[in-house]
Each structure stands twice: as structure tokens, then as C-alpha cells.
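Visitor: Encoded as C-alpha cells, here's the structure I'll be asking about.
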Amino acid sequence: MTDQLFSPKLISPEVIKSIKPGFVVRPLSSGDYEKGFLECLGMLTSVGKMPKADFLNRYNYLKKHNHEYFTIVIEDVKNKKIVGAGTIFVERKFIHHNGLVGHIEDIVTHSDYRGFNLGRLVIETLKHIGEQTGCYKIILDCSEKNIPFYVKCGFAHKEYECVYYIKGNDVPNAKAKL
């Protein structure tokens with residue numbers, strides 16, 4: 001598969017070895033629109049009805065910035081279906097001598113595939129990418145009920161999260177201004 005978001009060399013060899021037969025972990029591909037990537041994400045949060053052109057527009061942006069955005073998927077190869085996904089994006093800091101921080105976002109396992117340990121494999125893959133790209137730490141936000149899962153994945157429960165929602169910017173017709 002040549003049209004992948006970033007080099008598959010960043011995928012953890014340990015995860016590749018440990019994934020169950022019939023599944024593959026890999027970078028997001030432009031063809032994942034047809035394989036249910038957005039449906040899978042929709043099991044996490046609101047995605048909306050996104051035409052393929054909008055998906056490809058965002059995919060192409062991420063690919064042009066594939067030194068900062070790393071979205072991975074787990075595919076059920078037999079069924080050609082995306083059953084897990086997650087993203088790590090790399091923030092460039094001034095602190096820690098121009099250090100890099102990985103931010104993990106949008107971790108999801110398709111509801112029909114929960115209990116297969118796929119979520120852990122997504123996290124392990126993203127942690128590996130963070131290490132390979134030189135991040136000095138990796139952080140994520142999650143709901144309180146998911147804290148034990150992330151602690152099992154090696155994260156420490158630290159501090160708190162706040163959010164500020166901007167009215168009108170999370171509606172179906174809102175467009176990114178950047």
C-alpha cells in the first residue's frame with residue numbers, strides 16, 4: 001500500500017509480531033474512507049456526514065505534515081474493515097531545549113471488536129511512534145472511567161483537564177479557518 005499517511009517503518013515491530021492473525025496495524029490510508037474509518041471514529045465521538053472529498057482534503061493536509069501527524073489504524077483484513085484507530089501528533093516546544101511532546105488523541109476500537117486487546121495495541125503503536133520521533137513525553141486526555149486502561153498501558157495519572165468549547169465551531173457547516 002503506497003498511499004499511506006507516513007512511513008510504516010515507524011510501526012512497532014513488537015506490535016506487528018503480537019497482533020492476531022487476520023489483523024494489520026498500519027498508517028492511515030486514503031482508501032480507509034471506504035473501509036469504515038469514519039464509522040469507527042463515530043463510535044468515539046461526533047464525526048458528522050463527511051463526503052469523501054472532505055475526508056481526502058483533511059488526509060492530504062495531514063500527509064503534507066506527516067512529520068507531525070501520525071494516525072494509525074487496525075484493519076480486519078478479511079472484512080476490509082477499520083476496527084481500531086488512534087493519532088499521535090507532535091508539538092514543538094521551547095521548553096526542554098526545544099523538546100517535542102506527543103499528544104495522543106481519538107483512540108477507538110470498533111464496538112464489534114472490543115475485547116481483542118486492539119486498544120492496547122493502538123496505544124503501544126502510538127507510544128513507539130512518539131519514542132521514534134524524539135518526544136520527551138506523551139500525554140493524553142481521557143474520561144475518568146478510562147484511567148485504569150491507560151495506567152495499564154504505562155501512563156501515570158497526573159493533573160486535570162479543562163476544556164473551552166467555541167460556540168458555532170463544532171457544527172456540520174463550520175469550516176476550519178486555517
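Each chain in the C-alpha cells gets a letter, A, B, ..., in the order shown, and its residues are numbered from 1; ligands are numbered from 1 in order too.
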Would you pick out the contacts of segment 107-113 of chain A at 10 Å or less, using only C-alpha atoms, so that residues sharing its chain but fewer than 2 positions from it are not included, and give the list as a ChimeraX atom specification?
Guide: /A:36-37,39-45,71-74,76,81-88,104-105,115-120,122-123,126,140,142
Visitor: Could the residues in this selection be saved with C-alpha atoms as a tab-separated table (two decimals), in the first residue's frame?
Guide:
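What ended up in selection03.tsv:
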chain	number	residue	atom	x	y	z
A	36	GLY	CA	-15.19	2.46	7.60
A	37	PHE	CA	-12.57	4.67	9.24
A	39	GLU	CA	-17.69	4.90	11.14
A	40	CYS	CA	-15.13	3.60	13.62
A	41	LEU	CA	-14.31	7.14	14.80
A	42	GLY	CA	-18.05	7.74	15.16
A	43	MET	CA	-18.07	5.18	17.97
A	44	LEU	CA	-15.92	7.62	19.94
A	45	THR	CA	-17.49	10.99	19.18
A	71	THR	CA	-2.81	8.39	12.55
A	72	ILE	CA	-2.75	4.62	12.67
A	73	VAL	CA	-5.47	2.08	12.03
A	74	ILE	CA	-6.06	-1.57	12.72
A	76	ASP	CA	-9.64	-6.60	9.81
A	81	LYS	CA	-12.83	-3.01	7.77
A	82	ILE	CA	-11.12	-0.48	10.04
A	83	VAL	CA	-11.67	-1.73	13.59
A	84	GLY	CA	-9.31	0.46	15.61
A	85	ALA	CA	-7.58	3.80	15.30
A	86	GLY	CA	-5.62	6.46	17.11
A	87	THR	CA	-3.47	9.51	16.49
A	88	ILE	CA	-0.34	10.98	17.98
A	104	ILE	CA	-2.46	11.03	21.81
A	105	GLU	CA	-5.98	11.60	20.54
A	115	GLY	CA	-12.11	-7.47	23.97
A	116	PHE	CA	-9.49	-8.36	21.33
A	117	ASN	CA	-6.83	-6.18	23.02
A	118	LEU	CA	-6.77	-3.86	19.99
A	119	GLY	CA	-6.91	-0.67	22.07
A	120	ARG	CA	-3.71	-1.64	23.86
A	122	VAL	CA	-3.10	1.13	19.24
A	123	ILE	CA	-1.59	2.76	22.34
A	126	LEU	CA	1.49	5.39	19.20
A	140	LEU	CA	-3.42	12.22	26.61
A	142	CYS	CA	-9.41	10.68	28.83
Visitor: Quick check for you: according to DSSP on this backbone, which residues of chain A are classed as helix (DSSP H, G or I)? Reply as a PyMOL selection string.
Guide: chain A and resi 8-10+13-18+30-33+37-41+52-64+95-98+111-113+118-132+144-152
Visitor: So that I can check the secondary structure, give me every residue of chain A assigned strand (DSSP E or B) by backbone DSSP, as a VMD selection string.
Guide: chain A and resid 4 23 to 27 29 69 to 76 81 to 92 100 to 109 135 to 140
Visitor: Would you list the contacts of segment 47-56 of chain A as a PyMOL selection string, taking every protein, DNA or RNA residue within 12 Å and counting only C-alpha atoms, but skipping same-chain residues closer than 4 positions in sequence?
Guide: chain A and resi 3+5+28-43+60-63+106+170-176
Visitor: Between atom CA of Gly102 of chain A and atom CA of Phe89 of chain A, measure the distance and give it in Å to one decimal.
Guide: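 Calculated distance between atom CA of Gly102 of chain A and atom CA of Phe89 of chain A is 5.6 Å.
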Visitor: Select, from A:Gly22, A:Gly134, A:Pro8, A:Pro148, the residue with the minimum atom-to-atom distance to Glu91 of chain A, counting only C-alpha atoms.
Guide: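 Among the listed residues, A:Gly134 lies closest to Glu91 of chain A.
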Visitor: Report, in Å to a single decimal, how far apart atom CA of Ile95 of chain A and atom CA of Glu159 of chain A are.
Guide: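 Between atom CA of Glu159 of chain A and atom CA of Ile95 of chain A the gap works out to 18.9 Å.
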Visitor: Between A:Glu124, A:Asn169, A:Lys177, A:Ser12, which one has atoms that come closest to Cys153 of chain A, using only C-alpha atoms?
Guide: A:Glu124
Visitor: Report, in Å to a single decimal, how far apart atom CA of Lys64 of chain A and atom CA of Ile138 of chain A are.
Guide: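 We find that atom CA of Ile138 of chain A and atom CA of Lys64 of chain A lie 22.5 Å from each other.
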Visitor: So which one's closest to Val25 of chain A, A:Lys9, A:Lys152, A:Arg58, A:His97? Using only C-alpha atoms, please.
Guide: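 Closest residue, counting only C-alpha atoms: A:Lys9.
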Visitor: Using only C-alpha atoms for the distances, tell me which of A:Thr125, A:Cys162, A:Lys145, A:Gly168 is nearest to Ile16 of chain A.
Guide: A:Thr125
